[in-house]
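Chemist: Here you go, one structure.
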Amino acid sequence: MENRNVIVAPSLLAANFLQLDREIAMINESEAGWLHLDVMDGRFVPNISFGLPVISQVTKIVRDKVCDVHLMILEPEKYAEAFRDAGANSLTVHAEACPHLHRNIQQIKDLGMKAGVALNPHTPINVLENIINDLDLVLIMSVNPGFGGQKFIPQTLSKIRKLRKMIDDAGSEALIEIDGGVTLANARRS
């Protein structure tokens, strides 16, 4: 497989929220290019994480990093503008939560953000065929969304390869993002 640039995006979910200022300072000093912010609503996924107030404060102190917001929520179109106003540079919605996915992607782009689509482990990549050229990134869930600390699902590797082929065949510029259970050992296998 061709060698491609890798962007490291630490997840805010892994932070110690009692020392969030120190955690953000560490990220600011790191070589990570992005900060990944997982928003969970307790409806699309069984957990609730954090939302607009936390993101708004975090983005005020993050320096020189893309604030990559991953919405694991229903009806993301109702909140896209608010997340942009809170400092999101990139907004990713789940294909499974968006019956009008193309409209959602266009809304995000019209708001001036990078637009991404996330796919749950069971969702095939062919749902992206008609919009792959509209996307800035595709987030492949390598665990079931909603809980941290899960093990990487090995079948994700073949899904990543199929997605890479789809992107290349379409001449798309979309990045591939992997979310969940990624370690130094399995990151090299894709």
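Chains: A, B, ... in order of the structure tokens. Residues: from 1 per chain. Ligands: from 1, in order shown.
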Residues of segment 16-170 of chain A in alpha helix (DSSP H) according to DSSP, as a count of residues only?

Modeler: 51

Chemist: Extract the full set of strand (DSSP E or B) residues from segment 99-178 of chain A according to DSSP on the backbone, and format it as a VMD selection string.

Modeler: chain A and resid 114 to 119 137 to 141 175 to 178

Chemist: With only C-alpha atoms as the counted atoms, please give the residues lying no more than 10 Å from Ile160 of chain A, apart from itself and same-chain residues fewer than 6 positions off, as an NGL selection string.

Modeler: :A and (125 or 138-140 or 142 or 166 or 176-178 or 190)

Chemist: Could you save the residues just selected, with all heavy atoms, as a PDB file, in the first residue's frame?

Modeler:
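Result file selection_18.pdb:
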ATOM      1  N   ILE A 125     -19.401   0.693   2.854  1.00  0.00           N
ATOM      2  CA  ILE A 125     -18.910   1.943   2.285  1.00  0.00           C
ATOM      3  C   ILE A 125     -19.693   2.380   1.053  1.00  0.00           C
ATOM      4  O   ILE A 125     -19.653   3.549   0.688  1.00  0.00           O
ATOM      5  CB  ILE A 125     -17.407   1.882   1.957  1.00  0.00           C
ATOM      6  CG1 ILE A 125     -17.124   0.823   0.898  1.00  0.00           C
ATOM      7  CG2 ILE A 125     -16.588   1.683   3.206  1.00  0.00           C
ATOM      8  CD1 ILE A 125     -15.762   0.945   0.258  1.00  0.00           C
ATOM      9  N   VAL A 138     -13.699  10.736   5.507  1.00  0.00           N
ATOM     10  CA  VAL A 138     -14.588   9.630   5.869  1.00  0.00           C
ATOM     11  C   VAL A 138     -14.027   9.033   7.140  1.00  0.00           C
ATOM     12  O   VAL A 138     -12.852   8.670   7.195  1.00  0.00           O
ATOM     13  CB  VAL A 138     -14.659   8.554   4.766  1.00  0.00           C
ATOM     14  CG1 VAL A 138     -15.534   7.385   5.228  1.00  0.00           C
ATOM     15  CG2 VAL A 138     -15.177   9.140   3.463  1.00  0.00           C
ATOM     16  N   LEU A 139     -14.857   8.969   8.165  1.00  0.00           N
ATOM     17  CA  LEU A 139     -14.452   8.411   9.453  1.00  0.00           C
ATOM     18  C   LEU A 139     -15.008   6.992   9.550  1.00  0.00           C
ATOM     19  O   LEU A 139     -16.222   6.804   9.519  1.00  0.00           O
ATOM     20  CB  LEU A 139     -14.998   9.282  10.590  1.00  0.00           C
ATOM     21  CG  LEU A 139     -14.507   8.954  11.992  1.00  0.00           C
ATOM     22  CD1 LEU A 139     -14.652  10.175  12.886  1.00  0.00           C
ATOM     23  CD2 LEU A 139     -15.253   7.802  12.600  1.00  0.00           C
ATOM     24  N   ILE A 140     -14.116   6.040   9.629  1.00  0.00           N
ATOM     25  CA  ILE A 140     -14.514   4.642   9.790  1.00  0.00           C
ATOM     26  C   ILE A 140     -14.476   4.313  11.273  1.00  0.00           C
ATOM     27  O   ILE A 140     -13.429   4.426  11.916  1.00  0.00           O
ATOM     28  CB  ILE A 140     -13.562   3.697   9.015  1.00  0.00           C
ATOM     29  CG1 ILE A 140     -13.588   3.995   7.513  1.00  0.00           C
ATOM     30  CG2 ILE A 140     -13.888   2.234   9.297  1.00  0.00           C
ATOM     31  CD1 ILE A 140     -14.886   3.674   6.825  1.00  0.00           C
ATOM     32  N   SER A 142     -14.033   1.950  14.055  1.00  0.00           N
ATOM     33  CA  SER A 142     -13.383   0.655  14.233  1.00  0.00           C
ATOM     34  C   SER A 142     -13.788   0.015  15.558  1.00  0.00           C
ATOM     35  O   SER A 142     -13.214  -0.986  15.977  1.00  0.00           O
ATOM     36  CB  SER A 142     -11.872   0.802  14.120  1.00  0.00           C
ATOM     37  OG  SER A 142     -11.410   1.864  14.924  1.00  0.00           O
ATOM     38  N   MET A 166     -12.138   3.116  -3.341  1.00  0.00           N
ATOM     39  CA  MET A 166     -13.247   3.960  -3.775  1.00  0.00           C
ATOM     40  C   MET A 166     -12.794   5.412  -3.938  1.00  0.00           C
ATOM     41  O   MET A 166     -13.109   6.066  -4.936  1.00  0.00           O
ATOM     42  CB  MET A 166     -14.413   3.897  -2.777  1.00  0.00           C
ATOM     43  CG  MET A 166     -15.558   4.850  -3.126  1.00  0.00           C
ATOM     44  SD  MET A 166     -16.796   5.018  -1.817  1.00  0.00           S
ATOM     45  CE  MET A 166     -17.690   3.493  -2.046  1.00  0.00           C
ATOM     46  N   ILE A 176      -9.048   9.584   5.138  1.00  0.00           N
ATOM     47  CA  ILE A 176      -9.649   8.484   5.884  1.00  0.00           C
ATOM     48  C   ILE A 176      -9.256   8.654   7.341  1.00  0.00           C
ATOM     49  O   ILE A 176      -8.071   8.762   7.664  1.00  0.00           O
ATOM     50  CB  ILE A 176      -9.181   7.116   5.367  1.00  0.00           C
ATOM     51  CG1 ILE A 176      -9.589   6.924   3.906  1.00  0.00           C
ATOM     52  CG2 ILE A 176      -9.735   5.990   6.251  1.00  0.00           C
ATOM     53  CD1 ILE A 176      -9.036   5.660   3.266  1.00  0.00           C
ATOM     54  N   GLU A 177     -10.261   8.680   8.205  1.00  0.00           N
ATOM     55  CA  GLU A 177     -10.041   8.803   9.641  1.00  0.00           C
ATOM     56  C   GLU A 177     -10.546   7.525  10.302  1.00  0.00           C
ATOM     57  O   GLU A 177     -11.591   7.004   9.921  1.00  0.00           O
ATOM     58  CB  GLU A 177     -10.798  10.025  10.168  1.00  0.00           C
ATOM     59  CG  GLU A 177     -10.550  10.343  11.612  1.00  0.00           C
ATOM     60  CD  GLU A 177     -11.196  11.662  12.040  1.00  0.00           C
ATOM     61  OE1 GLU A 177     -12.014  12.234  11.295  1.00  0.00           O
ATOM     62  OE2 GLU A 177     -10.880  12.113  13.145  1.00  0.00           O
ATOM     63  N   ILE A 178      -9.809   7.014  11.268  1.00  0.00           N
ATOM     64  CA  ILE A 178     -10.180   5.793  11.985  1.00  0.00           C
ATOM     65  C   ILE A 178     -10.439   6.168  13.437  1.00  0.00           C
ATOM     66  O   ILE A 178      -9.634   6.870  14.053  1.00  0.00           O
ATOM     67  CB  ILE A 178      -9.063   4.728  11.917  1.00  0.00           C
ATOM     68  CG1 ILE A 178      -8.527   4.567  10.489  1.00  0.00           C
ATOM     69  CG2 ILE A 178      -9.545   3.404  12.486  1.00  0.00           C
ATOM     70  CD1 ILE A 178      -9.555   4.224   9.461  1.00  0.00           C
ATOM     71  N   SER A 190      -2.994  -1.118   8.434  1.00  0.00           N
ATOM     72  CA  SER A 190      -3.938  -0.677   7.405  1.00  0.00           C
ATOM     73  C   SER A 190      -3.208  -0.351   6.123  1.00  0.00           C
ATOM     74  O   SER A 190      -3.729  -0.299   5.079  1.00  0.00           O
ATOM     75  CB  SER A 190      -4.719   0.533   7.883  1.00  0.00           C
ATOM     76  OG  SER A 190      -3.875   1.629   8.125  1.00  0.00           O
TER      77      SER A 190
END

Chemist: Ranking A:Glu173, A:Asp179, A:Asp41, A:Asp168 by minimum distance to Phe152 of chain A and counting only C-alpha atoms, which one comes first?

Modeler: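 When distances to Phe152 of chain A are compared using only C-alpha atoms, the smallest one comes from A:Asp179.
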
Chemist: At what distance in Å, to one decimal, does atom CA of Ala115 of chain A lie from atom CA of Leu163 of chain A?

Modeler: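 Between atom CA of Leu163 of chain A and atom CA of Ala115 of chain A the gap works out to 16.6 Å.
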
Chemist: Pick out the residues sitting within 12 Å of Pro124 of chain A, and hand them over as a list in words; count only C-alpha atoms, and ignore anything fewer than 3 positions along from it in its own chain.

Modeler: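 Listing them by chain and then by number gives Ala95, Glu96, Ala118, Leu119, Asn120, Pro121, Val127, Leu128, Glu129, Ile140, Met141, Gln155, Thr156, Ser158, Lys159, Ile160, Lys162, Leu163 and Met166 of chain A.
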
Chemist: Take the selection from the previous step and output its residues with N, CA and C atoms, as a PDB file, in the first residue's frame.

Modeler:
ATOM      1  N   ALA A  95     -23.634   8.677   8.702  1.00  0.00           N
ATOM      2  CA  ALA A  95     -24.541   8.342   7.601  1.00  0.00           C
ATOM      3  C   ALA A  95     -25.838   7.760   8.156  1.00  0.00           C
ATOM      4  N   GLU A  96     -25.730   6.981   9.223  1.00  0.00           N
ATOM      5  CA  GLU A  96     -26.904   6.309   9.794  1.00  0.00           C
ATOM      6  C   GLU A  96     -27.882   7.294  10.439  1.00  0.00           C
ATOM      7  N   ALA A 118     -19.200   9.690   8.965  1.00  0.00           N
ATOM      8  CA  ALA A 118     -18.766   8.534   9.742  1.00  0.00           C
ATOM      9  C   ALA A 118     -19.640   7.338   9.391  1.00  0.00           C
ATOM     10  N   LEU A 119     -19.017   6.158   9.396  1.00  0.00           N
ATOM     11  CA  LEU A 119     -19.736   4.909   9.146  1.00  0.00           C
ATOM     12  C   LEU A 119     -19.529   3.970  10.323  1.00  0.00           C
ATOM     13  N   ASN A 120     -20.631   3.460  10.867  1.00  0.00           N
ATOM     14  CA  ASN A 120     -20.562   2.458  11.931  1.00  0.00           C
ATOM     15  C   ASN A 120     -19.949   1.173  11.381  1.00  0.00           C
ATOM     16  N   PRO A 121     -19.472   0.280  12.260  1.00  0.00           N
ATOM     17  CA  PRO A 121     -18.814  -0.944  11.792  1.00  0.00           C
ATOM     18  C   PRO A 121     -19.645  -1.772  10.814  1.00  0.00           C
ATOM     19  N   VAL A 127     -22.542   3.232   0.674  1.00  0.00           N
ATOM     20  CA  VAL A 127     -23.479   4.336   0.932  1.00  0.00           C
ATOM     21  C   VAL A 127     -22.856   5.681   0.575  1.00  0.00           C
ATOM     22  N   LEU A 128     -21.543   5.700   0.355  1.00  0.00           N
ATOM     23  CA  LEU A 128     -20.838   6.940   0.036  1.00  0.00           C
ATOM     24  C   LEU A 128     -20.612   7.150  -1.460  1.00  0.00           C
ATOM     25  N   GLU A 129     -20.966   6.177  -2.283  1.00  0.00           N
ATOM     26  CA  GLU A 129     -20.652   6.227  -3.709  1.00  0.00           C
ATOM     27  C   GLU A 129     -21.073   7.538  -4.375  1.00  0.00           C
ATOM     28  N   ILE A 140     -14.116   6.040   9.629  1.00  0.00           N
ATOM     29  CA  ILE A 140     -14.514   4.642   9.790  1.00  0.00           C
ATOM     30  C   ILE A 140     -14.476   4.313  11.273  1.00  0.00           C
ATOM     31  N   MET A 141     -15.619   3.925  11.807  1.00  0.00           N
ATOM     32  CA  MET A 141     -15.674   3.495  13.205  1.00  0.00           C
ATOM     33  C   MET A 141     -15.089   2.089  13.287  1.00  0.00           C
ATOM     34  N   GLN A 155     -12.079  -6.571  11.217  1.00  0.00           N
ATOM     35  CA  GLN A 155     -12.668  -6.461   9.882  1.00  0.00           C
ATOM     36  C   GLN A 155     -12.592  -5.037   9.336  1.00  0.00           C
ATOM     37  N   THR A 156     -12.299  -4.073  10.212  1.00  0.00           N
ATOM     38  CA  THR A 156     -12.154  -2.681   9.789  1.00  0.00           C
ATOM     39  C   THR A 156     -11.040  -2.533   8.756  1.00  0.00           C
ATOM     40  N   SER A 158     -10.139  -4.433   6.214  1.00  0.00           N
ATOM     41  CA  SER A 158     -10.574  -4.639   4.824  1.00  0.00           C
ATOM     42  C   SER A 158     -11.506  -3.511   4.381  1.00  0.00           C
ATOM     43  N   LYS A 159     -12.274  -2.977   5.291  1.00  0.00           N
ATOM     44  CA  LYS A 159     -13.161  -1.850   4.970  1.00  0.00           C
ATOM     45  C   LYS A 159     -12.334  -0.615   4.586  1.00  0.00           C
ATOM     46  N   ILE A 160     -11.241  -0.394   5.298  1.00  0.00           N
ATOM     47  CA  ILE A 160     -10.357   0.734   4.989  1.00  0.00           C
ATOM     48  C   ILE A 160      -9.769   0.566   3.588  1.00  0.00           C
ATOM     49  N   LYS A 162     -11.026  -1.087   1.046  1.00  0.00           N
ATOM     50  CA  LYS A 162     -12.091  -0.859   0.056  1.00  0.00           C
ATOM     51  C   LYS A 162     -12.380   0.635  -0.085  1.00  0.00           C
ATOM     52  N   LEU A 163     -12.401   1.337   1.027  1.00  0.00           N
ATOM     53  CA  LEU A 163     -12.637   2.781   0.990  1.00  0.00           C
ATOM     54  C   LEU A 163     -11.508   3.486   0.251  1.00  0.00           C
ATOM     55  N   MET A 166     -12.138   3.116  -3.341  1.00  0.00           N
ATOM     56  CA  MET A 166     -13.247   3.960  -3.775  1.00  0.00           C
ATOM     57  C   MET A 166     -12.794   5.412  -3.938  1.00  0.00           C
TER      58      MET A 166
END

Chemist: Point out the residue among A:Thr183, A:Asn104, A:Ser172, A:Thr123 with the least atom-to-atom distance to Gly149 of chain A, counting only C-alpha atoms.

Modeler: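 Checking each of A:Thr183, A:Asn104, A:Ser172, A:Thr123 against Gly149 of chain A, counting only C-alpha atoms, the winner is A:Thr183.
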
Chemist: Quick one: distance from atom CA of Gly180 of chain A to atom CA of Met40 of chain A in Å, one decimal?

Modeler: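 About the pair atom CA of Gly180 of chain A and atom CA of Met40 of chain A: they are 14.4 Å apart.
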
Chemist: Could you state the separation of atom CA of Gln150 of chain A and atom CA of Leu137 of chain A in Å, given to one decimal place?

Modeler: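 Between these atoms lies a distance of 22.7 Å.
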
Chemist: Quick one: of A:Asn16, A:Val6, A:Ile167, A:Asp64, who's nearest to Ser30 of chain A, counting only C-alpha atoms?

Modeler: A:Asp64

Chemist: Give me the residues near Pro76 of chain A as a PyMOL selection string, where near means some atom within 8 Å (using only C-alpha atoms) and where sequence neighbours in that chain fewer than 3 positions away do not count.

Modeler: chain A and resi 71+73+79-80+93+97-98+104

Chemist: Hey, what's within 10 Å of Ser11 of chain A if we count only C-alpha atoms and toss same-chain stuff fewer than 4 positions away? As a PyMOL selection string, please?

Modeler: chain A and resi 15+34-38+68-69+179-180

Chemist: I need the residues from that last selection saved to file as a PDB file, in the first residue's frame (with C-alpha atoms), if you can.

Modeler:
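Generated file (part-v6.pdb):
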ATOM      1  CA  ALA A  15      -8.537  13.758  28.766  1.00  0.00           C
ATOM      2  CA  TRP A  34      -5.862  17.738  15.042  1.00  0.00           C
ATOM      3  CA  LEU A  35      -7.935  17.505  18.220  1.00  0.00           C
ATOM      4  CA  HIS A  36     -10.820  15.031  17.948  1.00  0.00           C
ATOM      5  CA  LEU A  37     -13.984  16.030  19.833  1.00  0.00           C
ATOM      6  CA  ASP A  38     -16.624  13.299  20.225  1.00  0.00           C
ATOM      7  CA  ASP A  68     -12.364  17.939  14.421  1.00  0.00           C
ATOM      8  CA  VAL A  69     -15.886  17.508  15.815  1.00  0.00           C
ATOM      9  CA  ASP A 179     -11.934   6.056  15.340  1.00  0.00           C
ATOM     10  CA  GLY A 180     -11.645   3.555  18.154  1.00  0.00           C
TER      11      GLY A 180
END
